[in-house]
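final-v3.txt (compact mmCIF, C-alpha atoms) appears below.
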# COMPACT_ATOMS: atom_id res chain seq x y z
CA MET A 1 11.61 -4.82 13.63
CA GLU A 2 12.13 -1.12 13.27
CA TYR A 3 8.98 1.01 12.86
CA LYS A 4 9.56 4.31 11.04
CA GLU A 5 6.63 6.72 10.92
CA THR A 6 6.61 8.67 7.66
CA GLU A 7 5.93 12.37 7.12
CA ILE A 8 2.22 11.48 7.14
CA GLU A 9 1.02 10.55 10.61
CA GLY A 10 -0.08 6.94 10.94
CA VAL A 11 1.76 5.66 7.84
CA PHE A 12 4.74 3.44 8.71
CA VAL A 13 7.63 1.77 6.91
CA ILE A 14 8.62 -1.35 8.83
CA GLU A 15 12.13 -2.73 8.51
CA PRO A 16 12.44 -6.34 9.69
CA ARG A 17 15.57 -7.81 11.21
CA VAL A 18 16.85 -10.32 8.67
CA PHE A 19 19.26 -13.07 9.66
CA ASN A 20 21.26 -14.32 6.66
CA ASP A 21 23.60 -17.28 6.50
CA ALA A 22 24.76 -19.89 3.99
CA ARG A 23 21.33 -21.59 4.12
CA GLY A 24 19.35 -18.45 3.23
CA TYR A 25 17.60 -16.10 5.63
CA PHE A 26 15.12 -15.93 8.50
CA MET A 27 12.94 -13.03 9.58
CA GLU A 28 9.82 -12.37 11.60
CA ALA A 29 7.27 -10.94 9.16
CA TRP A 30 4.50 -10.24 11.67
CA LYS A 31 4.46 -9.91 15.43
CA GLU A 32 1.11 -8.73 16.78
CA GLY A 33 2.27 -7.39 20.17
CA GLU A 34 5.12 -5.40 18.66
CA PHE A 35 2.89 -4.04 15.89
CA MET A 36 0.25 -2.93 18.42
CA GLU A 37 2.90 -1.25 20.56
CA HIS A 38 4.28 0.85 17.68
CA VAL A 39 1.31 1.37 15.34
CA GLY A 40 -1.74 0.75 17.50
CA PRO A 41 -4.69 -1.61 17.56
CA VAL A 42 -5.41 -3.10 14.15
CA HIS A 43 -7.14 -6.45 13.81
CA PHE A 44 -6.14 -8.01 10.50
CA ILE A 45 -8.66 -10.56 9.22
CA GLN A 46 -7.42 -11.58 5.78
CA ASP A 47 -4.25 -11.98 3.71
CA ASN A 48 -4.30 -11.28 -0.05
CA GLU A 49 -1.72 -11.89 -2.75
CA SER A 50 -1.26 -10.76 -6.35
CA LYS A 51 1.22 -11.50 -9.11
CA SER A 52 1.96 -8.89 -11.78
CA GLY A 53 4.50 -8.15 -14.51
CA TYR A 54 6.66 -5.13 -15.25
CA GLY A 55 4.77 -1.86 -15.65
CA VAL A 56 1.55 -3.08 -14.06
CA LEU A 57 0.01 -0.37 -11.91
CA ARG A 58 -2.73 -1.37 -9.49
CA GLY A 59 -4.51 1.54 -7.87
CA LEU A 60 -5.17 3.99 -6.47
CA HIS A 61 -7.82 2.01 -4.57
CA TYR A 62 -9.74 2.25 -1.31
CA GLN A 63 -13.02 1.22 0.27
CA LYS A 64 -15.50 3.76 1.63
CA GLY A 65 -17.25 4.16 4.97
CA GLU A 66 -17.49 1.28 7.40
CA TYR A 67 -15.78 -0.95 4.83
CA SER A 68 -12.56 1.10 4.70
CA GLN A 69 -9.40 -0.94 5.12
CA ALA A 70 -6.05 -0.62 6.82
CA LYS A 71 -3.34 -2.58 4.97
CA LEU A 72 0.06 -4.01 5.79
CA VAL A 73 1.80 -4.68 2.47
CA ARG A 74 5.05 -6.31 1.36
CA VAL A 75 6.72 -7.91 -1.65
CA ILE A 76 7.75 -11.56 -1.62
CA LYS A 77 9.26 -11.59 -5.10
CA GLY A 78 10.42 -8.70 -7.26
CA ARG A 79 10.24 -4.96 -6.69
CA VAL A 80 7.42 -2.40 -6.59
CA LEU A 81 6.95 1.27 -5.90
CA ASP A 82 4.15 1.52 -3.35
CA VAL A 83 2.10 4.69 -2.76
CA ALA A 84 -0.35 5.80 -0.07
CA VAL A 85 -2.38 8.99 -0.63
CA ASP A 86 -4.08 10.77 2.28
CA ILE A 87 -7.71 11.29 1.28
CA ARG A 88 -9.03 12.44 4.67
CA LYS A 89 -10.47 15.92 3.95
CA SER A 90 -9.85 17.11 7.53
CA SER A 91 -6.22 15.96 7.57
CA PRO A 92 -3.37 18.51 7.48
CA THR A 93 -1.71 16.21 4.91
CA PHE A 94 -4.81 15.80 2.69
CA GLY A 95 -3.79 15.04 -0.90
CA LYS A 96 -0.17 14.31 0.05
CA HIS A 97 1.39 10.93 -0.59
CA VAL A 98 4.11 8.67 0.72
CA MET A 99 6.08 6.52 -1.69
CA VAL A 100 8.31 3.59 -0.73
CA GLU A 101 10.12 0.89 -2.66
CA LEU A 102 9.28 -2.61 -1.47
CA SER A 103 11.30 -5.58 -2.69
CA GLU A 104 12.28 -9.14 -2.02
CA ASP A 105 15.74 -7.79 -1.15
CA ASN A 106 14.88 -5.01 1.31
CA LYS A 107 11.94 -6.95 2.83
CA ARG A 108 10.32 -3.69 3.95
CA GLN A 109 6.68 -3.56 4.88
CA PHE A 110 4.38 -0.58 4.51
CA PHE A 111 1.44 0.12 6.82
CA ILE A 112 -1.38 2.17 5.33
CA PRO A 113 -4.19 3.15 7.73
CA ARG A 114 -7.82 3.66 6.84
CA GLY A 115 -8.52 6.92 5.01
CA PHE A 116 -5.87 6.42 2.32
CA ALA A 117 -5.92 5.47 -1.34
CA HIS A 118 -3.30 2.85 -2.16
CA GLY A 119 -1.53 1.68 -5.29
CA PHE A 120 1.66 0.14 -6.55
CA LEU A 121 3.73 -0.03 -9.74
CA VAL A 122 5.78 -3.13 -10.60
CA LEU A 123 9.42 -2.26 -11.35
CA SER A 124 10.78 -5.80 -11.82
CA GLN A 125 10.03 -8.39 -14.50
CA GLU A 126 7.52 -9.95 -12.10
CA ALA A 127 6.33 -9.22 -8.57
CA ILE A 128 4.41 -11.14 -5.96
CA PHE A 129 2.71 -8.71 -3.62
CA THR A 130 1.01 -9.71 -0.37
CA TYR A 131 -1.01 -7.74 2.13
CA LYS A 132 -3.06 -8.03 5.28
CA VAL A 133 -6.37 -6.16 5.59
CA ASP A 134 -8.56 -5.40 8.58
CA ASN A 135 -11.89 -5.46 6.73
CA PRO A 136 -13.28 -7.76 4.01
CA TYR A 137 -13.51 -6.77 0.37
CA ALA A 138 -16.86 -5.09 -0.30
CA PRO A 139 -17.25 -4.40 -4.04
CA GLN A 140 -20.23 -2.10 -3.52
CA HIS A 141 -17.99 0.16 -1.36
CA GLU A 142 -14.86 0.18 -3.51
CA ALA A 143 -13.58 3.45 -4.93
CA GLY A 144 -10.48 4.89 -6.51
CA ILE A 145 -8.59 7.88 -7.80
CA ARG A 146 -6.86 8.08 -11.14
CA TRP A 147 -3.22 7.01 -10.80
CA ASN A 148 -1.94 9.92 -12.92
CA ASP A 149 -4.03 12.74 -11.40
CA PRO A 150 -1.86 15.86 -11.90
CA GLU A 151 -3.07 17.31 -8.59
CA LEU A 152 -1.42 14.39 -6.74
CA ALA A 153 1.89 14.94 -8.56
CA ILE A 154 3.03 11.34 -8.04
CA GLU A 155 6.32 10.85 -9.86
CA TRP A 156 5.98 7.33 -11.24
CA PRO A 157 9.42 6.24 -12.51
CA ILE A 158 8.30 4.89 -15.89
CA GLU A 159 6.70 6.55 -18.89
CA ALA A 160 2.90 6.66 -18.82
CA ALA A 161 2.79 4.78 -22.15
CA ALA A 162 4.53 1.81 -20.49
CA VAL A 163 2.03 1.60 -17.62
CA GLN A 164 -0.37 -1.34 -17.76
CA THR A 165 -3.54 -0.89 -15.76
CA SER A 166 -7.13 -2.06 -15.78
CA GLU A 167 -9.92 -0.43 -17.74
CA LYS A 168 -11.59 0.34 -14.39
CA ASP A 169 -8.49 2.18 -13.13
CA LEU A 170 -8.27 4.23 -16.32
CA LYS A 171 -11.78 5.53 -15.59
CA GLN A 172 -11.27 6.42 -11.92
CA PRO A 173 -12.12 10.02 -11.00
CA LEU A 174 -9.61 12.72 -10.17
CA LEU A 175 -9.10 13.54 -6.48
CA ARG A 176 -11.34 16.63 -6.73
CA ASP A 177 -14.24 14.45 -7.98
CA ALA A 178 -13.72 11.37 -5.78
CA GLU A 179 -15.71 10.27 -2.75
CA LEU A 180 -13.39 11.05 0.16
CA PHE A 181 -13.15 10.52 3.90
CA GLU A 182 -14.18 13.33 6.29
Whole structure given in structure tokens:
Amino acid sequence: MEYKETEIEGVFVIEPRVFNDARGYFMEAWKEGEFMEHVGPVHFIQDNESKSGYGVLRGLHYQKGEYSQAKLVRVIKGRVLDVAVDIRKSSPTFGKHVMVELSEDNKRQFFIPRGFAHGFLVLSQEAIFTYKVDNPYAPQHEAGIRWNDPELAIEWPIEAAAVQTSEKDLKQPLLRDAELFE
């Protein structure tokens, strides 16, 4: 696998080596020693999966305090635009984001460390999205930032009217009003 650190320190796009032939393909999706060597020590404890249709936007989510989560995300079916926003107040890249397309074709993975809000927009008819986390879900510590906060200036590639999101995500605070990391 090739590990490419993005313009925000600690955020990586991971390109697997894919071996294709007449039968299909083979790839290593996770290799702990290699991951630790390139990214650092992260102990993933759970895998999650979601299925969504075109225009569904999930995010921008995170968990606060000791329940914060690092995530390693990828798409098994379909295509999404995945976004990580640095919400560490002391970071030189605070408020900046990294955006990457993940798809069943490119098989990229995206590593998002703790201290980031995360979300994705489905660009295909349907998408199956899977991710590893290093901390369990703790609903009392969940938080979010509004997906269309003008201060973040995320250029989502579909019209806002076509975005489908949850009622909870529509009510998330703007970055300036959110609970952030130090």
### Message
Just checking: using only C-alpha atoms, which residue out of A:Gly53, A:Gly119, A:Gly24, A:Pro16 ends up closest to A:Ala84?
### Response
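That would be A:Gly119, the residue with the smallest distance to A:Ala84.
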### Task
With a distance cut-off of 12 Å and all atoms listed in the file, select the neighbouring residues of A:Pro173, excluding the residue or stretch itself and same-chain residues fewer than 2 positions from it, and output the selection as a count of residues only.
22
### Query
Nearest to A:Lys132 among A:Asp47, A:Glu2, A:Glu66, A:Glu28, with distances taken over all atoms listed in the file: which residue is it?
A:Asp47
#### Entry: From A:Val18, A:Ile76, A:Leu174, A:Leu152, residue lying nearest A:Ser52 [only C-alpha atoms]
A:Ile76
Residue neighbourhood A:Asp86, 7 Å, all atoms listed in the file, exclusion window fewer than 5 positions, as an mmCIF file with C-alpha atoms, keeping the file's coordinate frame:
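Contents of the output file result.cif:
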data_model
loop_
_atom_site.group_PDB
_atom_site.id
_atom_site.type_symbol
_atom_site.label_atom_id
_atom_site.label_comp_id
_atom_site.auth_asym_id
_atom_site.auth_seq_id
_atom_site.Cartn_x
_atom_site.Cartn_y
_atom_site.Cartn_z
ATOM 1 C CA THR A 93 -1.710 16.210 4.910
ATOM 2 C CA PHE A 94 -4.810 15.800 2.690
ATOM 3 C CA GLY A 95 -3.790 15.040 -0.900
ATOM 4 C CA LYS A 96 -0.170 14.310 0.050
ATOM 5 C CA HIS A 97 1.390 10.930 -0.590
ATOM 6 C CA GLY A 115 -8.520 6.920 5.010
ATOM 7 C CA PHE A 116 -5.870 6.420 2.320
ATOM 8 C CA ALA A 117 -5.920 5.470 -1.340
#
### Message
Counting all atoms listed in the file, which residue out of A:Pro92, A:Pro157, A:Gly10, A:Pro136 sits closest to A:Gln69?
### Response
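Once distances to A:Gln69 are computed over all atoms listed in the file, the minimum belongs to A:Pro136.
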#### Entry: Polymer residues at most 7 Å from stretch 126-130 of chain A, only C-alpha atoms, same-chain spacing of 4 or more positions, as a PyMOL selection string
chain A and resi 48-54+73-79+122
### d(atom CA of A:Gly40, atom CA of A:Pro113) in Å
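We find that atom CA of A:Gly40 and atom CA of A:Pro113 lie 10.4 Å from each other.
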